[in-house]
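The structure appears right after this line, and notes come after that.
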Amino acid sequence: MQDYARAPSLWTKLPVTALRTEAHPKAPQPAVRPLFVLATLVWLAPPLAAQSASEVQVTPETMTLTVGQRQPIFAAAYDRKGNLIASAKFAFRSSDTSIARVSPEGAVEGVAAGLAKIEARIQGRRASVAVLITGASGGQGGDAAGALLTLSPASAVLLPGEPIQLTPQALSDSGAPPELGQVAWKSLKPEIATVDSTGVVTGVAPGKTIVQATAADGLMATVPIDVEPADIALERGAEVLGPQDAETLHVRVPSQNNREISAGLEWRSADTAVAVVGPGGIVEARGPGRTEIIASGFGQERRIPLRVHRLPQTLVVTPKPLAEPIQIPLRGTRQFSAAALAADSTPIPEARVTWEVGDTMHAEFDTSTGTLSARDTGTTTLTARLRGFEPVVWHIQVVPGLLALDRNRLALKPGEYLTLRASLTADSAASLGPAEGLVWSSDHPEVASVGGAVVRGVAPGHAVVTATAPWGTRATADVYVTADLLVASDRGGTFGLYQLRTDGADSLLPVLADGKVNVQAVRSPDRTRIAFSSSRGGSFDLFVMDADGANLRRLTHDPGAEGEPAWTPDGSRIVYVAAQPGGMPQLMSIGANGSGAARLTDSEGGNQSPVVSPDGRRIAFVSTRDGRPEVYEMDAAGGEARRVTRSSDREVSPRYLPSGELIFVVDKGGSARLMRVPSGAGTAMPLLKIDDPVIALDVSREGGRIAYVAGKLASPGKKNARLSLLIQPLASGSKPLVVPLRPGEQVLSPSF
């Protein structure tokens, strides 16, 4: 038993909750268990003589009762060593017996609604309990009938030293707020929290109390106040601001439901040249640099780093805003960006651009990726804002789908027609189905006319055919109407490129006759582009242009001469002849966009006149590697060449028929013979006899005709050319068509 008595106080080791009882409006409050605990503690405590009370404790700290309800409070006294005074006799007193009475044993009884303090005294020491009595009371005057007084906030948790403003408000059944008049304020435990005459409550020390407000007409309201020490935290805001930007920082108490503290704080900036901070935590950036924002109060200090970036001078956005709305298909996406630039045009990634979608029902924007996603058909806006600049606004139209045509470039001959097919697509280009209800038009119906989706070639030239959906989305196709044949002619003084018409006396229409030397033109497999050789760059180089002579693009830039282009069947590459200064001509290959040049041959004697087979797997060409011009074949990727012809004659102009058979010209001096090499056979067979030497030849795409230039070129410095341009069917017994030329005109390199 002595071991138990030596403990400083077993009473103090028990949690407060073990001594509390909870009042319930309808249930009497049992006092047996707490009294039993107290009796047990008295039994355990050793007899002590002449003990003086040094501390008094009461529990619970606060109590709420209804009128007529009873509940005991418990008091304990301790000496200076912390020992319980078992024989302590307390005197209990109520601060207002009209509200609450207390028996000599410490039983509290509610009398009328209100707030009172029950005090336990012994040897000059005291402790108190705040008691709130709820329920009807006859003490409230008739003026308060049907009225209610409320306080805002209804409860408060404070740090020691933290103030809060309580605001009273009276309500009545009639809806018109009664006049409050003068309000009297009282804190039941001013040692826990004080309240001044204006309702400002300030936490003093840890504990709980109740603050009461009483109006002049007798209305009363209370607010429970809990004062708890806790750590504060400075909520992180933007770590980067722009000059003249502002942001409000917040201090919170994480352990108290992360509530915000707005009073009792001091703010400062470590470098006011970079940023300043006001009493409410409002940070204003001043100039570029780094600083710290410091919040201090309640014996604590918290810091947050801040950087102020350079002042933006330019805002660059993509895509460029236009008067017409940007169309995005339903469930499609579009990328947008806005970048701030400094005076030296370097980016300022820290500059904050804010984004806003006008109607989020139609689209949403992901600021992390710059992606606008279409959600529903309709119109909306996307706005980018940067301080100091006018907002940039894009008008957005979400449409059922984008339009796509089965081809966006096509070529027709006069009288030829083709049906375009239109479909709806999303951004992924996956078809959503055929497009219906479209309106079709042509910007040059004299070149290409449209009837519905049917396009018809009218006359050589270029037209744009447009399909328009009911919601305004458009898709276009470039239509090139071409004559049957391309040739190079010197009728303009220098060789230019012309199209051949056979329905008029002057049958040549200029394509590119600009005073430069342009020769050896060859149409792409889809006939929408032309590859040719030109000396406009100083030496002969390869060029590509549209079928109407527009959009000229240079492919080669070598110091030698490049010419004799031949397209691969898919239109992706061009095989040509390149002759470096002092070297032999060799076969090369290059992409139609000018990329990926590759050498195909490197043999003695030189190689020229290439042509690609219809399946794209072989290249036929003329080589003098064995002493005289002969026809050879090789793989399209290059490698070992196979000799096709073996004769003592000069063989030129190899061409493939659509069947894959090879034809070529044998020069007999004063005449020529067209030969054919059957597929799989090695012996050439005569196909056609021509009375004059053949300078150049081509075979039509369908394989039923040839076009060739026969005769002799003019001697240097003389006008003694005797050339003829002829088109002849390959059918037996057919006669050639002689194309009329101007007197002295020289034509070269016919090409279908």
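How things are named: the first chain in the structure tokens is A, the next is B, and so on; residues count from 1 in each chain; ligands count from 1 in the order shown.
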
Long-range neighbours of Asp541 in chain A as a PyMOL selection string, 7 Å cut-off, only C-alpha atoms, 5 positions minimum in chain: chain A and resi 533-535+556-557+561-563

If you count only C-alpha atoms, which residues fall within 7 Å of Pro434 in chain A, apart from same-chain ones fewer than 4 positions away, as a PyMOL selection string? chain A and resi 422-424

Please, could you write that set of residues out with N, CA and C atoms as a PDB file, in the first residue's frame?
```pdb
ATOM      1  N   ALA A 422     -15.843  12.050-100.475  1.00  0.00           N
ATOM      2  CA  ALA A 422     -15.626  12.835 -99.247  1.00  0.00           C
ATOM      3  C   ALA A 422     -16.096  12.027 -98.040  1.00  0.00           C
ATOM      4  N   SER A 423     -15.345  12.137 -96.955  1.00  0.00           N
ATOM      5  CA  SER A 423     -15.705  11.449 -95.716  1.00  0.00           C
ATOM      6  C   SER A 423     -15.443  12.366 -94.536  1.00  0.00           C
ATOM      7  N   LEU A 424     -16.092  12.055 -93.397  1.00  0.00           N
ATOM      8  CA  LEU A 424     -15.851  12.766 -92.149  1.00  0.00           C
ATOM      9  C   LEU A 424     -14.724  12.078 -91.400  1.00  0.00           C
TER      10      LEU A 424
END
```

Excluding same-chain residues fewer than 3 positions from Phe543 in chain A, what lies within 12 Å of it counting only C-alpha atoms, as a ChimeraX atom specification? /A:512,518-523,529-537,540,546,549-557,562-565,574,576,590-594

Selection near Pro243 in chain A, 8 Å with only C-alpha atoms, sequence-local residues under 3 positions removed, as a list in words: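 That gives Ala285, Arg286, Gly287, Pro288, Val308, His309, Arg310 and Leu311 of chain A.
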
Nearby residues (only C-alpha atoms) at most 8 Å from Asp691 in chain A, same-chain spacing under 3 positions excluded, as a PyMOL selection string: chain A and resi 670-672

Convert the current residue selection to file output with C-alpha atoms, as an mmCIF file, in the first residue's frame.
```
data_model
loop_
_atom_site.group_PDB
_atom_site.id
_atom_site.type_symbol
_atom_site.label_atom_id
_atom_site.label_comp_id
_atom_site.auth_asym_id
_atom_site.auth_seq_id
_atom_site.Cartn_x
_atom_site.Cartn_y
_atom_site.Cartn_z
ATOM 1 C CA GLY A 670 20.238 7.843 -141.713
ATOM 2 C CA SER A 671 17.277 5.982 -140.233
ATOM 3 C CA ALA A 672 16.153 4.303 -137.035
#
```

Got a sec: who's within 8 Å of Ala338 in chain A, counting only C-alpha atoms, leaving out chain neighbours fewer than 3 positions off, as a ChimeraX atom specification? /A:315-318,353,384

DSSP strand (DSSP E) selection over range 194-263 of chain A, as a VMD selection string: chain A and resid 194 to 195 200 to 203 207 to 214 220 to 227 233 to 235 240 to 241 246 to 248 250 to 253 259 to 261

Can those selected residues be exported to a file as an mmCIF file, in the first residue's frame so that it contains N, CA and C atoms?
```
data_model
loop_
_atom_site.group_PDB
_atom_site.id
_atom_site.type_symbol
_atom_site.label_atom_id
_atom_site.label_comp_id
_atom_site.auth_asym_id
_atom_site.auth_seq_id
_atom_site.Cartn_x
_atom_site.Cartn_y
_atom_site.Cartn_z
ATOM 1 N N THR A 194 -10.206 36.224 -23.316
ATOM 2 C CA THR A 194 -10.856 37.474 -22.946
ATOM 3 C C THR A 194 -11.731 37.951 -24.089
ATOM 4 N N VAL A 195 -12.684 38.799 -23.775
ATOM 5 C CA VAL A 195 -13.527 39.417 -24.788
ATOM 6 C C VAL A 195 -13.701 40.879 -24.416
ATOM 7 N N VAL A 200 -14.433 41.292 -29.620
ATOM 8 C CA VAL A 200 -13.165 40.713 -30.053
ATOM 9 C C VAL A 200 -12.669 39.786 -28.953
ATOM 10 N N VAL A 201 -12.579 38.502 -29.279
ATOM 11 C CA VAL A 201 -12.111 37.483 -28.347
ATOM 12 C C VAL A 201 -10.636 37.227 -28.619
ATOM 13 N N THR A 202 -9.840 37.145 -27.559
ATOM 14 C CA THR A 202 -8.407 36.882 -27.695
ATOM 15 C C THR A 202 -8.033 35.702 -26.818
ATOM 16 N N GLY A 203 -7.389 34.689 -27.441
ATOM 17 C CA GLY A 203 -6.919 33.541 -26.678
ATOM 18 C C GLY A 203 -5.822 33.955 -25.723
ATOM 19 N N GLY A 207 -7.042 25.930 -22.935
ATOM 20 C CA GLY A 207 -8.229 25.553 -22.187
ATOM 21 C C GLY A 207 -9.479 25.854 -22.975
ATOM 22 N N LYS A 208 -10.642 25.674 -22.293
ATOM 23 C CA LYS A 208 -11.934 25.895 -22.929
ATOM 24 C C LYS A 208 -12.723 26.883 -22.096
ATOM 25 N N THR A 209 -13.481 27.715 -22.762
ATOM 26 C CA THR A 209 -14.358 28.645 -22.081
ATOM 27 C C THR A 209 -15.551 28.932 -22.962
ATOM 28 N N ILE A 210 -16.448 29.743 -22.434
ATOM 29 C CA ILE A 210 -17.635 30.146 -23.168
ATOM 30 C C ILE A 210 -17.732 31.657 -23.099
ATOM 31 N N VAL A 211 -18.018 32.264 -24.259
ATOM 32 C CA VAL A 211 -18.230 33.702 -24.339
ATOM 33 C C VAL A 211 -19.710 33.946 -24.538
ATOM 34 N N GLN A 212 -20.256 34.830 -23.712
ATOM 35 C CA GLN A 212 -21.689 35.116 -23.743
ATOM 36 C C GLN A 212 -21.914 36.530 -24.224
ATOM 37 N N ALA A 213 -22.930 36.718 -25.112
ATOM 38 C CA ALA A 213 -23.369 38.025 -25.570
ATOM 39 C C ALA A 213 -24.802 38.217 -25.129
ATOM 40 N N THR A 214 -25.099 39.344 -24.466
ATOM 41 C CA THR A 214 -26.453 39.630 -23.990
ATOM 42 C C THR A 214 -26.883 40.967 -24.551
ATOM 43 N N MET A 220 -29.911 36.433 -25.559
ATOM 44 C CA MET A 220 -28.581 35.976 -25.183
ATOM 45 C C MET A 220 -28.126 34.887 -26.140
ATOM 46 N N ALA A 221 -26.807 34.836 -26.401
ATOM 47 C CA ALA A 221 -26.201 33.777 -27.211
ATOM 48 C C ALA A 221 -24.806 33.504 -26.669
ATOM 49 N N THR A 222 -24.332 32.314 -26.899
ATOM 50 C CA THR A 222 -23.006 31.920 -26.418
ATOM 51 C C THR A 222 -22.200 31.271 -27.527
ATOM 52 N N VAL A 223 -20.908 31.322 -27.374
ATOM 53 C CA VAL A 223 -19.975 30.691 -28.311
ATOM 54 C C VAL A 223 -18.922 29.949 -27.508
ATOM 55 N N PRO A 224 -18.738 28.642 -27.767
ATOM 56 C CA PRO A 224 -17.648 27.925 -27.106
ATOM 57 C C PRO A 224 -16.306 28.301 -27.727
ATOM 58 N N ILE A 225 -15.328 28.570 -26.896
ATOM 59 C CA ILE A 225 -13.988 28.955 -27.346
ATOM 60 C C ILE A 225 -13.001 27.919 -26.833
ATOM 61 N N ASP A 226 -12.168 27.415 -27.752
ATOM 62 C CA ASP A 226 -11.143 26.427 -27.403
ATOM 63 C C ASP A 226 -9.790 27.031 -27.754
ATOM 64 N N VAL A 227 -8.935 27.220 -26.749
ATOM 65 C CA VAL A 227 -7.593 27.771 -26.978
ATOM 66 C C VAL A 227 -6.600 26.622 -26.941
ATOM 67 N N ALA A 233 1.574 27.023 -40.408
ATOM 68 C CA ALA A 233 2.254 26.689 -41.664
ATOM 69 C C ALA A 233 1.915 27.750 -42.693
ATOM 70 N N LEU A 234 2.924 28.160 -43.450
ATOM 71 C CA LEU A 234 2.738 29.126 -44.535
ATOM 72 C C LEU A 234 2.427 28.347 -45.803
ATOM 73 N N GLU A 235 1.201 28.483 -46.257
ATOM 74 C CA GLU A 235 0.789 27.747 -47.448
ATOM 75 C C GLU A 235 1.563 28.249 -48.659
ATOM 76 N N VAL A 240 7.126 31.815 -58.294
ATOM 77 C CA VAL A 240 7.634 32.758 -59.285
ATOM 78 C C VAL A 240 6.526 33.750 -59.613
ATOM 79 N N LEU A 241 6.864 35.024 -59.629
ATOM 80 C CA LEU A 241 5.946 36.080 -60.034
ATOM 81 C C LEU A 241 6.628 36.946 -61.080
ATOM 82 N N ALA A 246 0.859 40.263 -58.347
ATOM 83 C CA ALA A 246 0.511 40.212 -56.930
ATOM 84 C C ALA A 246 -0.133 38.867 -56.621
ATOM 85 N N GLU A 247 0.072 38.421 -55.380
ATOM 86 C CA GLU A 247 -0.525 37.160 -54.940
ATOM 87 C C GLU A 247 -0.693 37.205 -53.429
ATOM 88 N N THR A 248 -1.762 36.586 -52.944
ATOM 89 C CA THR A 248 -2.038 36.548 -51.507
ATOM 90 C C THR A 248 -1.580 35.216 -50.939
ATOM 91 N N HIS A 250 -1.259 32.591 -47.554
ATOM 92 C CA HIS A 250 -2.143 32.216 -46.454
ATOM 93 C C HIS A 250 -1.356 31.435 -45.405
ATOM 94 N N VAL A 251 -1.676 31.716 -44.132
ATOM 95 C CA VAL A 251 -1.119 30.961 -43.013
ATOM 96 C C VAL A 251 -2.234 30.093 -42.443
ATOM 97 N N ARG A 252 -1.953 28.829 -42.234
ATOM 98 C CA ARG A 252 -2.957 27.886 -41.757
ATOM 99 C C ARG A 252 -2.422 27.112 -40.559
ATOM 100 N N VAL A 253 -3.366 26.452 -39.861
ATOM 101 C CA VAL A 253 -3.028 25.593 -38.723
ATOM 102 C C VAL A 253 -3.376 24.158 -39.132
ATOM 103 N N ARG A 259 -7.306 25.282 -40.714
ATOM 104 C CA ARG A 259 -7.985 26.573 -40.749
ATOM 105 C C ARG A 259 -6.988 27.700 -41.007
ATOM 106 N N GLU A 260 -7.504 28.780 -41.587
ATOM 107 C CA GLU A 260 -6.664 29.921 -41.943
ATOM 108 C C GLU A 260 -6.611 30.932 -40.814
ATOM 109 N N ILE A 261 -5.431 31.504 -40.594
ATOM 110 C CA ILE A 261 -5.239 32.575 -39.618
ATOM 111 C C ILE A 261 -5.131 33.889 -40.383
#
```

Find, counting only C-alpha atoms, the residue in A:Pro559, A:Gly124, A:Gly433, A:Gly378 that gets nearest to Thr360 in chain A.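 For Thr360 in chain A, the nearest of the given residues is A:Gly378.
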